[in-house]
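Source file work_27.txt; content: compact mmCIF, C-alpha atoms.
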# COMPACT_ATOMS: atom_id res chain seq x y z
CA MET A 1 129.22 105.72 46.79
CA PHE A 2 130.41 107.05 50.14
CA PHE A 3 133.03 109.73 50.69
CA GLN A 4 134.37 111.67 53.67
CA THR A 5 135.15 115.34 53.88
CA ASP A 6 135.44 118.04 56.50
CA GLY A 7 133.76 121.40 56.23
CA VAL A 8 131.76 124.23 57.79
CA VAL A 9 127.97 124.39 57.73
CA LEU A 10 127.20 127.70 55.99
CA ARG A 11 123.42 127.44 55.92
CA GLU A 12 120.63 125.16 57.17
CA THR A 13 117.09 124.95 55.79
CA ASP A 14 114.29 122.90 57.34
CA TYR A 15 113.02 120.16 55.05
CA ASN A 16 110.05 117.89 55.71
CA ASP A 17 109.25 117.22 59.36
CA THR A 18 112.64 116.24 60.76
CA ASP A 19 115.18 116.79 57.97
CA ARG A 20 117.39 119.70 57.00
CA MET A 21 119.18 120.71 53.84
CA LEU A 22 122.70 121.90 54.61
CA THR A 23 125.06 124.05 52.59
CA VAL A 24 128.58 123.00 53.51
CA LEU A 25 131.90 124.53 52.48
CA SER A 26 134.04 121.41 52.23
CA ARG A 27 137.80 121.25 52.02
CA ASP A 28 138.17 119.06 48.96
CA ARG A 29 134.86 119.40 47.08
CA GLY A 30 133.94 123.06 47.42
CA ARG A 31 130.36 123.99 48.24
CA LEU A 32 128.02 121.07 48.83
CA SER A 33 124.25 120.82 49.24
CA VAL A 34 123.50 117.80 51.44
CA LYS A 35 120.47 116.35 53.19
CA ALA A 36 120.67 115.54 56.90
CA ARG A 37 117.85 113.14 57.63
CA GLY A 38 116.21 113.25 61.05
CA VAL A 39 118.62 115.92 62.27
CA ARG A 40 115.83 118.03 63.79
CA SER A 41 114.97 115.19 66.15
CA GLY A 42 116.34 115.64 69.65
CA ARG A 43 117.87 112.16 69.55
CA SER A 44 119.67 112.52 66.24
CA PRO A 45 123.40 111.68 66.45
CA LEU A 46 123.93 114.19 63.64
CA LYS A 47 122.46 117.16 65.51
CA ALA A 48 125.60 118.77 66.93
CA ALA A 49 127.79 118.33 63.88
CA CYS A 50 125.14 119.68 61.49
CA GLN A 51 124.51 123.00 63.28
CA LEU A 52 125.11 126.31 61.53
CA LEU A 53 128.82 127.27 61.67
CA ALA A 54 129.89 123.87 62.99
CA TYR A 55 133.17 122.59 61.55
CA SER A 56 132.65 118.87 61.21
CA GLU A 57 133.82 115.69 59.52
CA PHE A 58 131.09 114.26 57.33
CA THR A 59 130.49 110.87 55.80
CA ILE A 60 128.26 111.39 52.80
CA LEU A 61 126.35 109.03 50.55
CA GLU A 62 126.23 110.10 46.91
CA ARG A 63 123.43 108.43 44.99
CA ARG A 64 121.76 109.50 41.75
CA GLY A 65 123.15 113.01 42.04
CA TYR A 66 121.90 113.57 45.61
CA LEU A 67 124.07 113.82 48.73
CA THR A 68 122.99 112.58 52.16
CA VAL A 69 124.88 112.79 55.45
CA THR A 70 125.13 109.35 57.02
CA GLU A 71 127.63 110.16 59.80
CA ALA A 72 129.03 113.40 61.19
CA ALA A 73 131.38 114.29 64.02
CA PRO A 74 132.04 117.87 65.17
CA ARG A 75 135.63 119.06 65.12
CA GLU A 76 135.03 122.64 66.32
CA MET A 77 131.75 124.13 67.47
CA PHE A 78 132.97 127.70 68.22
CA VAL A 79 131.03 127.71 71.48
CA GLU A 80 132.29 131.19 72.41
CA LEU A 81 130.49 132.65 69.40
CA ARG A 82 127.23 130.88 70.25
CA SER A 83 127.01 132.78 73.53
CA ASP A 84 127.74 136.17 71.92
CA LEU A 85 124.95 137.49 69.68
CA GLU A 86 127.13 140.06 67.91
CA GLY A 87 129.91 137.54 67.33
CA LEU A 88 127.43 134.96 66.07
CA ALA A 89 125.85 137.50 63.71
CA LEU A 90 129.24 138.51 62.33
CA ALA A 91 130.28 134.88 61.82
CA SER A 92 126.96 134.26 60.03
CA TYR A 93 127.84 137.12 57.69
CA PHE A 94 131.20 135.47 57.00
CA ALA A 95 129.35 132.23 56.20
CA GLN A 96 126.99 133.98 53.79
CA VAL A 97 129.89 135.62 51.97
CA ALA A 98 131.66 132.25 51.76
CA GLU A 99 128.52 130.69 50.27
CA VAL A 100 128.29 133.42 47.63
CA ILE A 101 131.91 133.27 46.46
CA SER A 102 132.39 129.49 46.69
CA GLN A 103 131.45 127.08 43.91
CA GLU A 104 130.23 123.50 43.73
CA ASP A 105 132.84 120.91 42.74
CA SER A 106 135.56 123.55 43.01
CA PRO A 107 137.77 123.06 46.08
CA ASN A 108 138.78 126.28 47.80
CA PRO A 109 140.82 125.35 50.87
CA GLU A 110 142.04 128.95 51.23
CA LEU A 111 138.46 130.17 51.65
CA LEU A 112 137.74 127.46 54.22
CA SER A 113 140.93 128.40 56.07
CA LEU A 114 139.92 132.08 56.01
CA LEU A 115 136.49 131.28 57.43
CA LEU A 116 137.88 129.06 60.18
CA ASN A 117 140.67 131.48 61.12
CA SER A 118 138.24 134.41 61.24
CA MET A 119 135.79 132.57 63.51
CA TYR A 120 138.69 131.42 65.70
CA ALA A 121 139.96 135.02 65.95
CA LEU A 122 136.48 136.22 66.94
CA GLY A 123 135.72 133.49 69.47
CA LYS A 124 138.85 131.90 70.88
CA LEU A 125 141.18 134.89 70.56
CA GLY A 126 138.65 137.64 71.20
CA ARG A 127 140.14 139.93 68.56
CA PRO A 128 138.23 143.19 67.92
CA GLN A 129 135.25 142.63 65.65
CA PRO A 130 136.00 145.55 63.26
CA LEU A 131 139.53 144.23 62.68
CA VAL A 132 138.41 140.63 62.08
CA LYS A 133 135.62 141.83 59.80
CA ALA A 134 138.03 143.93 57.73
CA VAL A 135 140.53 141.11 57.39
CA PHE A 136 137.85 138.65 56.30
CA GLU A 137 136.28 141.04 53.78
CA LEU A 138 139.49 142.07 52.06
CA ARG A 139 140.91 138.55 51.92
CA ALA A 140 137.56 137.18 50.68
CA ALA A 141 137.55 139.81 47.93
CA CYS A 142 141.04 138.70 46.91
CA LEU A 143 140.01 135.03 46.84
CA ALA A 144 136.96 135.93 44.76
CA GLY A 145 139.18 137.48 42.09
CA TYR A 146 138.95 141.11 43.20
CA ALA A 147 142.44 141.69 44.58
CA PRO A 148 142.99 145.48 44.64
CA ASP A 149 146.08 147.26 43.36
CA LEU A 150 147.72 148.53 46.53
CA SER A 151 151.11 149.49 45.10
CA GLY A 152 150.52 153.24 45.11
CA CYS A 153 148.45 156.05 43.65
CA ALA A 154 147.15 155.00 40.26
CA VAL A 155 147.60 158.56 38.98
CA CYS A 156 150.89 159.91 40.36
CA GLY A 157 152.54 156.79 41.82
CA ASN A 158 152.78 158.09 45.40
CA PRO A 159 153.34 154.96 47.54
CA TRP A 160 151.26 156.32 50.43
CA PRO A 161 148.07 157.82 48.96
CA ASP A 162 145.18 158.68 51.25
CA ARG A 163 142.16 157.43 49.27
CA PHE A 164 140.91 153.96 48.29
CA ASN A 165 138.81 153.83 45.13
CA VAL A 166 136.40 151.01 45.95
CA SER A 167 134.78 151.15 42.52
CA HIS A 168 138.04 150.32 40.72
CA GLY A 169 140.03 148.60 43.47
CA LEU A 170 143.00 150.96 43.51
CA LEU A 171 144.61 153.80 45.43
CA GLN A 172 144.56 157.53 44.72
CA CYS A 173 145.73 160.70 46.39
CA GLU A 174 142.99 163.11 47.40
CA GLY A 175 144.02 165.59 44.72
CA CYS A 176 144.66 163.05 41.96
CA HIS A 177 141.88 162.50 39.44
CA ALA A 178 141.56 160.82 36.08
CA PRO A 179 138.57 160.67 33.69
CA ASP A 180 138.49 156.86 33.69
CA LEU A 181 138.81 156.53 37.48
CA ASP A 182 135.54 158.03 38.63
CA GLY A 183 133.85 156.18 41.47
CA ILE A 184 133.54 155.91 45.21
CA ARG A 185 136.71 157.06 46.98
CA MET A 186 137.08 156.56 50.72
CA PRO A 187 139.71 157.95 53.13
CA LEU A 188 142.43 155.50 54.10
CA GLU A 189 145.05 156.46 56.68
CA PRO A 190 148.60 155.02 56.47
CA GLY A 191 148.03 152.40 59.19
CA ALA A 192 144.94 151.10 57.42
CA LEU A 193 146.78 151.00 54.08
CA GLU A 194 149.64 149.06 55.64
CA ALA A 195 147.11 146.59 57.06
CA CYS A 196 145.50 146.17 53.63
CA ARG A 197 148.85 145.37 52.07
CA HIS A 198 149.58 142.83 54.77
CA VAL A 199 146.21 141.08 54.47
CA ALA A 200 146.34 140.92 50.68
CA ALA A 201 149.86 139.43 50.55
CA CYS A 202 150.51 137.39 53.72
CA GLY A 203 150.15 133.67 54.31
CA PRO A 204 147.03 132.26 56.04
CA LYS A 205 148.77 131.94 59.40
CA GLU A 206 149.80 135.61 59.43
CA LEU A 207 146.37 137.10 58.69
CA PHE A 208 145.78 138.30 62.23
CA SER A 209 149.37 138.92 63.25
CA PHE A 210 148.92 142.69 63.62
CA GLN A 211 146.96 145.19 65.67
CA LEU A 212 145.27 148.48 64.84
CA ARG A 213 143.98 151.40 66.85
CA ASP A 214 140.22 151.15 67.29
CA GLU A 215 139.58 154.20 65.12
CA THR A 216 141.80 152.83 62.33
CA ALA A 217 140.15 149.41 62.49
CA ARG A 218 136.71 151.00 62.19
CA GLN A 219 137.81 153.04 59.18
CA LEU A 220 139.30 149.97 57.54
CA SER A 221 136.16 147.94 58.24
CA GLY A 222 134.04 150.53 56.47
CA VAL A 223 136.36 150.54 53.46
CA THR A 224 136.57 146.76 53.10
CA GLU A 225 132.82 146.33 53.55
CA THR A 226 132.09 148.87 50.82
CA TYR A 227 134.74 147.35 48.55
CA LEU A 228 133.45 143.79 48.90
CA THR A 229 129.78 144.64 48.43
CA THR A 230 130.59 146.95 45.51
CA GLN A 231 132.64 144.33 43.70
CA LEU A 232 130.10 141.56 44.35
CA GLU A 233 127.27 143.96 43.43
CA ARG A 234 125.04 142.79 46.26
CA GLY A 235 124.21 143.22 49.91
CA PHE A 236 123.94 140.66 52.73
CA PHE A 237 121.01 140.39 55.13
CA THR A 238 123.36 138.90 57.74
CA LEU A 239 125.49 142.04 57.55
CA ASP A 240 122.42 144.23 57.95
CA PHE A 241 121.43 142.27 61.05
CA TYR A 242 124.93 142.49 62.51
CA LYS A 243 125.01 146.25 61.99
CA SER A 244 121.58 146.64 63.58
CA LEU A 245 122.95 145.08 66.78
CA ARG A 246 125.70 147.72 66.98
CA LEU A 247 123.47 150.79 66.65
How does the structure come out when it is put into structure tokens?
Amino acid sequence: MFFQTDGVVLRETDYNDTDRMLTVLSRDRGRLSVKARGVRSGRSPLKAACQLLAYSEFTILERRGYLTVTEAAPREMFVELRSDLEGLALASYFAQVAEVISQEDSPNPELLSLLLNSMYALGKLGRPQPLVKAVFELRAACLAGYAPDLSGCAVCGNPWPDRFNVSHGLLQCEGCHAPDLDGIRMPLEPGALEACRHVAACGPKELFSFQLRDETARQLSGVTETYLTTQLERGFFTLDFYKSLRL
């Protein structure tokens, strides 16, 4: 049986002499593991569309539980990112996060939209990397089921507290403590808190409709990174590589 779907290549693994196994985040079938035969050959018509981070339309043969790409056409290659090592590394981190929180046979068009919009903001729009990173991380956490409570301090109710408890996913004032709310608390200035509320609640098209001072964006990026990795209880080698480039 053949079917068509569009999606982003999240990971590629060499297989045999000329083949690759691809992990694709598809729009209507969730995460897919597909074989691309002969794609490592210089003459393969599949080569461009099956590159890491390519957004492509795939025709796939499903036979005996295995999926094989028979045709593929690129829809967006994000060429600006491919000439920017830091941008490419950050986008690869986004792809690894998307692979971790996506599921097979479980469509997640919001996650695909987040990934595409974030790569577009990095490459085409040239938005600051810390801001794009923060937006992606917080929204990805929300899509993974870890939406934080951003309504106000969990202890006193102050609507503008200055700490984010990344262990529990809630807000606290610096002086507010509770026995059951121990954990990592990170500073969060009002501009960063306002950005968090926007990202957690807005529609996909409004994700990047705001700006932050560089210092605020860096603070927010540190908070969202710690929150996402704490909630997922894991690190990402792609994130480590990206951070090594910025030392």
### Task
Calculate how many Å separate CA of Ser118 (chain A) from CA of Ala144 (chain A), rounding to one decimal.
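Pair CA of Ser118 (chain A) / CA of Ala144 (chain A) returns 16.6 Å.
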### Task
Between A:Val24, A:Ala217, A:Met1, A:Leu170, single out the one closest to Ala54 (chain A), counting all atoms listed in the file.
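Smallest distance to Ala54 (chain A) is found for A:Val24.
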### Task
Figure out the distance between CA of Ala134 (chain A) and CA of Gly222 (chain A), please, to one decimal in Å.
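If I compute the distance from CA of Gly222 (chain A) to CA of Ala134 (chain A), I get 7.8 Å.
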### Task
Tell me which of A:Asp17, A:Glu137, A:Asp6, A:Asp182 sits closest to Ser167 (chain A), counting only C-alpha atoms.
A:Asp182
### Summary
Between A:Phe236, A:Phe164, A:Phe208, A:Tyr66, smallest distance to Leu131 (chain A) by only C-alpha atoms belongs to A:Phe208
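For the residues A:Leu90, A:Ile101, A:Leu245, A:Leu239, ranking by smallest atom-to-atom distance to Arg31 (chain A) using only C-alpha atoms places A:Ile101 first.
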